[in-house]
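Student: Dropping in entry_30.txt, with compact mmCIF, C-alpha atoms.
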# COMPACT_ATOMS: atom_id res chain seq x y z
CA MET N 210 -1.65 -14.62 20.03
CA THR N 211 1.36 -16.98 20.48
CA LEU N 212 4.72 -15.56 21.52
CA CYS N 213 6.14 -16.51 18.10
CA ASN N 214 3.36 -14.72 16.22
CA ARG N 215 3.69 -11.68 18.44
CA LEU N 216 7.46 -11.47 17.93
CA THR N 217 7.03 -11.89 14.16
CA ARG N 218 4.40 -9.15 13.98
CA THR N 219 6.52 -6.81 16.10
CA ALA N 220 9.53 -7.47 13.88
CA MET N 221 7.48 -6.55 10.80
CA LEU N 222 6.38 -3.29 12.38
CA TRP N 223 9.97 -2.46 13.34
CA LEU N 224 11.10 -3.18 9.76
CA ALA N 225 8.46 -0.79 8.40
CA VAL N 226 9.55 1.84 10.92
CA ALA N 227 13.24 1.41 10.08
CA LEU N 228 12.63 1.81 6.35
CA LEU N 229 10.55 4.95 6.88
CA LEU N 230 13.11 6.57 9.14
CA MET N 231 16.19 5.78 7.03
CA PRO N 232 18.02 8.91 5.82
CA GLY N 233 17.04 9.85 2.31
CA VAL N 234 13.70 8.04 2.39
CA ALA N 235 11.04 10.66 1.67
CA ARG N 236 7.36 10.70 0.86
CA ALA N 237 8.37 11.59 -2.68
CA ASP N 238 9.57 7.94 -3.06
CA ASP N 239 5.91 6.95 -3.14
CA LYS N 240 5.96 8.31 -6.71
CA ARG N 241 8.72 5.97 -7.91
CA PHE N 242 9.38 2.26 -7.54
CA ARG N 243 11.41 -0.51 -9.20
CA LEU N 244 10.08 -3.37 -11.33
CA SER N 245 12.26 -6.34 -12.18
CA ALA N 246 11.67 -8.37 -15.33
CA PRO N 247 13.61 -10.99 -17.34
CA GLU N 248 15.25 -9.96 -20.59
CA ALA N 249 12.58 -11.73 -22.67
CA LEU N 250 9.80 -9.59 -21.23
CA ALA N 251 11.87 -6.40 -21.26
CA GLN N 252 12.65 -6.91 -24.97
CA SER N 253 9.04 -7.73 -25.92
CA GLY N 254 8.02 -4.07 -25.87
CA LEU N 255 5.10 -4.68 -23.51
CA LEU N 256 6.62 -2.74 -20.60
CA GLN N 257 7.31 0.23 -22.87
CA HIS N 258 3.61 0.09 -23.76
CA LEU N 259 2.30 -0.32 -20.19
CA LEU N 260 4.45 1.85 -17.99
CA PRO N 261 4.01 5.27 -19.66
CA ARG N 262 0.24 4.78 -19.58
CA PHE N 263 0.32 3.88 -15.91
CA ALA N 264 2.56 6.88 -15.15
CA LEU N 265 0.29 9.23 -17.09
CA LYS N 266 -2.74 8.07 -15.10
CA THR N 267 -1.15 8.03 -11.63
CA GLY N 268 1.99 10.18 -11.69
CA VAL N 269 3.96 7.18 -10.38
CA ARG N 270 7.21 6.46 -12.25
CA VAL N 271 8.55 2.92 -12.72
CA GLU N 272 12.22 2.02 -13.03
CA VAL N 273 12.74 -1.30 -14.82
CA VAL N 274 15.66 -3.32 -13.41
CA GLU N 275 17.07 -6.67 -14.45
CA GLU N 276 15.80 -9.96 -13.07
CA GLY N 277 17.15 -10.64 -9.59
CA ALA N 278 17.81 -6.98 -8.76
CA GLU N 279 16.16 -5.39 -5.73
CA ALA N 280 12.64 -4.31 -6.66
CA GLU N 281 9.17 -3.67 -5.25
CA ILE N 282 7.37 -5.49 -8.12
CA THR N 283 8.56 -8.61 -9.93
CA LEU N 284 7.23 -10.00 -13.22
CA ALA N 285 8.44 -13.54 -13.86
CA PRO N 286 7.14 -17.00 -14.78
CA GLN N 287 7.52 -18.11 -11.15
CA ASP N 288 5.75 -17.05 -7.97
CA GLY N 289 2.92 -14.57 -7.65
CA ARG N 290 -0.41 -13.86 -9.29
CA ALA N 291 -0.81 -14.72 -12.97
CA VAL N 292 -1.48 -11.47 -14.85
CA PHE N 293 -0.92 -12.25 -18.55
CA GLU N 294 0.45 -14.83 -21.02
CA GLY N 295 2.81 -14.32 -23.93
CA VAL N 296 6.26 -14.93 -25.43
CA GLY N 297 6.14 -18.53 -24.23
CA ALA N 298 5.26 -18.02 -20.58
CA VAL N 299 2.56 -17.23 -18.05
CA TRP N 300 3.77 -14.06 -16.34
CA ARG N 301 3.19 -13.70 -12.62
CA MET N 302 3.38 -10.56 -10.51
CA GLY N 303 4.99 -10.52 -7.08
CA VAL N 304 4.66 -7.56 -4.72
CA VAL N 305 7.53 -7.07 -2.27
CA GLY N 306 6.78 -5.01 0.85
CA ALA N 307 4.12 -2.33 1.14
CA HIS N 308 5.33 0.43 -1.19
CA PRO N 309 2.30 2.65 -2.04
CA GLY N 310 3.33 3.21 -5.65
CA ALA N 311 3.88 -0.50 -6.22
CA ALA N 312 0.51 -1.27 -4.65
CA ARG N 313 -1.16 1.17 -7.06
CA PHE N 314 0.54 -0.53 -10.01
CA ALA N 315 -0.57 -3.97 -8.81
CA ASP N 316 -4.16 -2.73 -8.50
CA TRP N 317 -4.00 -1.06 -11.92
CA LEU N 318 -2.47 -4.02 -13.77
CA THR N 319 -5.10 -6.41 -12.42
CA SER N 320 -7.98 -4.00 -13.06
CA GLU N 321 -10.12 -4.07 -16.20
CA ILE N 322 -8.25 -1.03 -17.57
CA GLY N 323 -4.83 -2.56 -16.90
CA GLN N 324 -5.76 -5.91 -18.43
CA ARG N 325 -7.22 -4.16 -21.48
CA THR N 326 -3.97 -2.20 -21.83
CA VAL N 327 -2.04 -5.49 -21.90
CA THR N 328 -4.22 -7.07 -24.58
CA SER N 329 -4.28 -3.91 -26.72
CA TYR N 330 -0.51 -4.06 -27.27
CA GLU N 331 0.27 -5.13 -30.84
CA VAL N 332 3.35 -5.89 -32.90
CA ALA N 333 2.80 -5.77 -36.68
CA GLY N 334 -0.94 -6.05 -36.12
CA VAL N 335 -0.66 -9.08 -33.81
CA ALA N 336 -1.36 -9.01 -30.05
CA PRO N 337 1.40 -11.16 -28.48
CA PHE N 338 -0.08 -11.07 -24.97
CA ARG N 339 -3.41 -12.33 -23.65
CA LEU N 340 -5.05 -12.81 -20.29
CA PRO N 341 -4.30 -15.96 -18.26
CA GLN N 342 -6.40 -18.93 -19.35
CA VAL N 343 -6.39 -20.60 -15.94
CA GLU N 344 -7.63 -18.81 -12.83
CA ASP N 345 -4.87 -18.18 -10.35
CA GLU N 346 -5.05 -19.56 -6.83
CA ALA N 347 -6.66 -17.28 -4.27
CA GLU N 348 -4.16 -14.87 -2.78
CA ALA N 349 -3.37 -15.15 0.90
CA VAL N 350 -5.25 -12.66 3.03
CA ALA N 351 -3.23 -10.75 5.58
CA VAL N 352 -4.20 -11.50 9.19
CA PHE N 353 -3.75 -8.80 11.81
CA GLU N 354 -3.64 -10.34 15.26
CA GLY N 355 -3.74 -7.30 17.51
CA ASP N 356 -6.51 -6.69 20.03
CA ALA N 357 -9.22 -5.08 17.89
CA ALA N 358 -11.29 -4.04 20.93
CA LEU N 359 -8.27 -2.23 22.37
CA GLY N 360 -7.59 -0.76 18.95
CA LYS N 361 -11.04 0.81 18.85
CA GLN N 362 -10.61 2.31 22.33
CA VAL N 363 -7.18 3.75 21.47
CA SER N 364 -8.43 5.05 18.11
CA LEU N 365 -11.39 6.84 19.67
CA ARG N 366 -9.19 8.37 22.35
CA GLN N 367 -6.17 9.33 20.25
CA CYS N 368 -7.51 9.68 16.68
CA GLY N 369 -11.13 10.63 17.24
CA ARG N 370 -10.34 14.31 17.63
CA CYS N 371 -9.75 14.47 13.86
CA HIS N 372 -11.09 11.27 12.27
CA VAL N 373 -14.47 9.57 12.46
CA VAL N 374 -13.35 6.30 13.98
CA ALA N 375 -16.73 4.73 14.74
CA PRO N 376 -20.39 5.80 15.05
CA GLU N 377 -19.65 6.91 18.61
CA ASN N 378 -17.70 9.96 17.44
CA ARG N 379 -19.53 10.61 14.16
CA MET N 380 -20.23 14.24 15.13
CA GLY N 381 -16.96 14.97 16.89
CA ALA N 382 -14.36 14.81 14.11
CA ILE N 383 -13.04 17.30 11.56
CA GLY N 384 -15.16 17.24 8.41
CA SER N 385 -12.23 17.58 6.00
CA THR N 386 -10.37 14.62 7.55
CA PRO N 387 -11.10 11.17 6.05
CA SER N 388 -12.88 8.70 8.28
CA PHE N 389 -11.34 5.33 9.11
CA ALA N 390 -13.96 3.72 6.84
CA VAL N 391 -12.84 5.89 3.91
CA LEU N 392 -9.17 5.15 4.61
CA ARG N 393 -10.10 1.46 4.65
CA THR N 394 -11.04 1.72 0.94
CA PHE N 395 -7.40 2.40 -0.04
CA ALA N 396 -5.47 -0.56 -1.44
CA ASP N 397 -2.52 0.33 0.81
CA TRP N 398 -4.57 1.11 3.93
CA ASP N 399 -2.48 -1.21 6.11
CA ALA N 400 0.80 0.45 5.06
CA ARG N 401 -0.69 3.88 5.77
CA PHE N 402 -1.76 2.88 9.28
CA GLN N 403 1.52 1.12 10.04
CA SER N 404 3.44 4.27 9.18
CA PHE N 405 0.90 7.01 9.97
CA PHE N 406 3.21 8.61 12.54
CA ALA N 407 5.75 9.35 9.79
CA LEU N 408 3.22 10.80 7.34
CA LYS N 409 2.23 14.48 7.43
CA PRO N 410 0.84 16.05 9.49
CA HIS N 411 1.29 13.40 12.19
CA PRO N 412 5.04 13.80 12.93
CA ALA N 413 4.35 17.26 14.41
CA PHE N 414 2.23 15.86 17.24
CA THR N 415 2.70 12.08 17.43
CA GLN N 416 4.96 10.02 19.66
CA VAL N 417 5.37 6.23 19.38
CA ALA N 418 7.14 4.85 22.44
CA GLY N 419 10.62 3.60 21.59
CA VAL N 420 10.34 4.62 17.93
CA THR N 421 9.98 8.36 17.34
CA GLN N 422 12.40 10.97 18.60
CA PRO N 423 11.21 13.38 21.33
CA PHE N 424 9.97 16.75 20.10
CA ALA N 425 12.70 19.34 19.76
CA ILE N 426 12.72 21.82 22.65
CA HIS N 427 12.17 24.72 20.24
CA LEU N 428 9.42 22.80 18.34
CA PRO N 429 6.98 21.42 20.90
CA SER N 430 3.79 19.73 19.75
CA PRO N 431 1.24 22.34 18.59
CA ILE N 432 -1.58 20.29 20.20
CA ALA N 433 -1.93 17.68 22.91
CA PRO N 434 0.32 14.89 21.60
CA ILE N 435 -0.92 11.54 20.36
CA GLU N 436 1.04 8.96 22.34
CA VAL N 437 0.83 5.27 21.43
CA THR N 438 2.90 2.13 21.86
CA LEU N 439 3.72 -0.48 19.21
CA GLU N 440 1.21 -2.80 20.89
CA GLU N 441 -1.48 -0.13 20.57
CA LEU N 442 -0.51 0.51 16.95
CA GLU N 443 -0.88 -3.20 16.25
CA ALA N 444 -4.29 -3.11 17.95
CA ILE N 445 -5.40 -0.12 15.84
CA ILE N 446 -4.48 -1.97 12.64
CA ALA N 447 -6.43 -5.04 13.79
CA TYR N 448 -9.47 -2.84 14.49
CA VAL N 449 -9.30 -1.13 11.09
CA ALA N 450 -8.88 -4.51 9.35
CA GLY N 451 -12.31 -5.45 10.65
CA LEU N 452 -14.04 -2.30 9.38
CA ALA N 453 -16.23 -2.42 6.29
CA PRO N 454 -14.78 -0.05 3.66
CA ALA N 455 -16.97 2.99 3.04
CA ASP N 456 -19.32 2.81 0.07
CA LEU N 457 -18.10 5.69 -2.10
CA GLY N 458 -20.56 4.99 -4.89
CA ALA N 459 -19.92 4.04 -8.49
CA PRO N 460 -16.93 5.56 -10.34
CA ILE N 461 -17.60 8.79 -12.21
CA GLN N 462 -18.45 8.12 -15.84
CA VAL N 463 -16.85 10.56 -18.28
CA GLN N 464 -18.29 10.85 -21.77
Would you mind writing the file out in structure tokens?

Tutor:
Amino acid sequence: MTLCNRLTRTAMLWLAVALLLMPGVARADDKRFRLSAPEALAQSGLLQHLLPRFALKTGVRVEVVEEGAEAEITLAPQDGRAVFEGVGAVWRMGVVGAHPGAARFADWLTSEIGQRTVTSYEVAGVAPFRLPQVEDEAEAVAVFEGDAALGKQVSLRQCGRCHVVAPENRMGAIGSTPSFAVLRTFADWDARFQSFFALKPHPAFTQVAGVTQPFAIHLPSPIAPIEVTLEELEAIIAYVAGLAPADLGAPIQVQ
């Protein structure tokens, strides 16, 4: 990895850490995010049709803000993945950052159910929106440049007491704890791993050098602490990026 790439990757990790540790930022925020849209789309009625259905399915609430305002999802004719056409434009979705709720919306909107929800919207018996006619360009794939071999070693040593990290510790983990392969199936797996030390139950027994605060004297770690550096965290993410997601079988069919 070049020095420039390494500094850029480290800066991204620090940004994720800073956002997670800001006062007032809680896990509950995963259930709410902001979506910016131009007036033409906001007035079309489509968002009022889409968002309650998404919220009902996922429990994630969406706050619509005006175009140009700070948001985790943008819908606009410029930049991003084409998701639908209507009211004189091809509408593209941009995802800003790694907000879990926003990631779920992006997955839902581009899924068969989400696309069907778009095309089922009608005004006076007419469907004003349709799917894009031209295939969008392939999205850029995130590249994680940490040392994957080191990441596997650190994961087995630090995470293997609870999670199945690799075949080597298949029988040594806690059965109720998801394996790394299962976690790899989540759309926001990278955000989860980047911030795992701030997500319950990890803060009670995890220390990231130069990032987390030492344990309070009256609240020592209940188990042998997990201690990692930012370099090791980067290596863990690179290792997980190379894992094949677990095959969880076909979705349950409800009749």

Student: For Ala418 of chain N, list every protein, DNA or RNA residue within 10 Å, evaluated using only C-alpha atoms, and leave out those in the same chain fewer than 6 positions away; present the list as a short mmCIF file (atom, residue, chain, number, x, y, z; two decimals) with C-alpha atoms, in the frame of the given file.

Tutor:
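See selection36.cif below for the written result:
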data_model
loop_
_atom_site.label_atom_id
_atom_site.label_comp_id
_atom_site.auth_asym_id
_atom_site.auth_seq_id
_atom_site.Cartn_x
_atom_site.Cartn_y
_atom_site.Cartn_z
CA GLU N 436 1.04 8.96 22.34
CA VAL N 437 0.83 5.27 21.43
CA THR N 438 2.90 2.13 21.86
CA LEU N 439 3.72 -0.48 19.21
CA GLU N 440 1.21 -2.80 20.89
#

Student: Nearest to Met302 of chain N: which of N:Gln252, N:Gln287, N:Thr415, N:Gln367 is it, counting only C-alpha atoms?

Tutor: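 For Met302 of chain N, the nearest of the given residues is N:Gln287.
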
Student: Could you check the closest approach to Arg393 of chain N for each of N:Leu452, N:Met380, N:Cys368, N:Ile432 and tell me which residue wins, using all atoms listed in the file?

Tutor: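 When distances to Arg393 of chain N are compared using all atoms listed in the file, the smallest one comes from N:Leu452.
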
Student: For Val296 of chain N, please output as an NGL selection string all residues within 12 Å (counting all atoms listed in the file; exclusion window: fewer than 4 positions along the same chain).

Tutor: :N and (247-255 or 285-286 or 300 or 336-339)

Student: Measure the distance from atom CA of Asp397 of chain N to atom CA of Gly381 of chain N in Å and round it to one decimal.

Tutor: 26.1 Å

Student: What lies within 9 Å of segment 259-264 of chain N using only C-alpha atoms, ignoring chain neighbours under 4 positions off, as a PyMOL selection string?

Tutor: chain N and resi 254-255+268-271+314+317-318+323+326-327+330

Student: From the set N:Val299, N:Ala447, N:Ala311, N:Ala455, which residue has the shortest atom-to-atom contact distance to Phe402 of chain N, counting only C-alpha atoms?

Tutor: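 The shortest atom-to-atom distance to Phe402 of chain N comes from N:Ala447.
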
Student: Using all atoms listed in the file, which residue out of N:Ala425, N:Val304, N:Val292, N:Ala246 lies closest to Gly277 of chain N?

Tutor: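 The closest residue to Gly277 of chain N is N:Ala246.
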
Student: Interatomic distance between atom CA of Phe414 of chain N and atom CA of Ile435 of chain N?

Tutor: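 Calculated distance between atom CA of Phe414 of chain N and atom CA of Ile435 of chain N is 6.2 Å.
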
Student: Smallest atom-to-atom distance to Ala291 of chain N: which of N:Gln342, N:Gln416, N:Thr394, N:Ser245, using all atoms listed in the file?

Tutor: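 Comparing N:Gln342, N:Gln416, N:Thr394, N:Ser245 against Ala291 of chain N, the winner is N:Gln342.
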
Student: Atom CA of Phe406 of chain N and atom CA of Leu392 of chain N are how many Å apart?

Tutor: 15.1 Å

Student: With all atoms listed in the file as the atoms that count, which of N:Glu272, N:Thr328, N:Val449, N:Thr319 lies nearest to Val363 of chain N?

Tutor: N:Val449
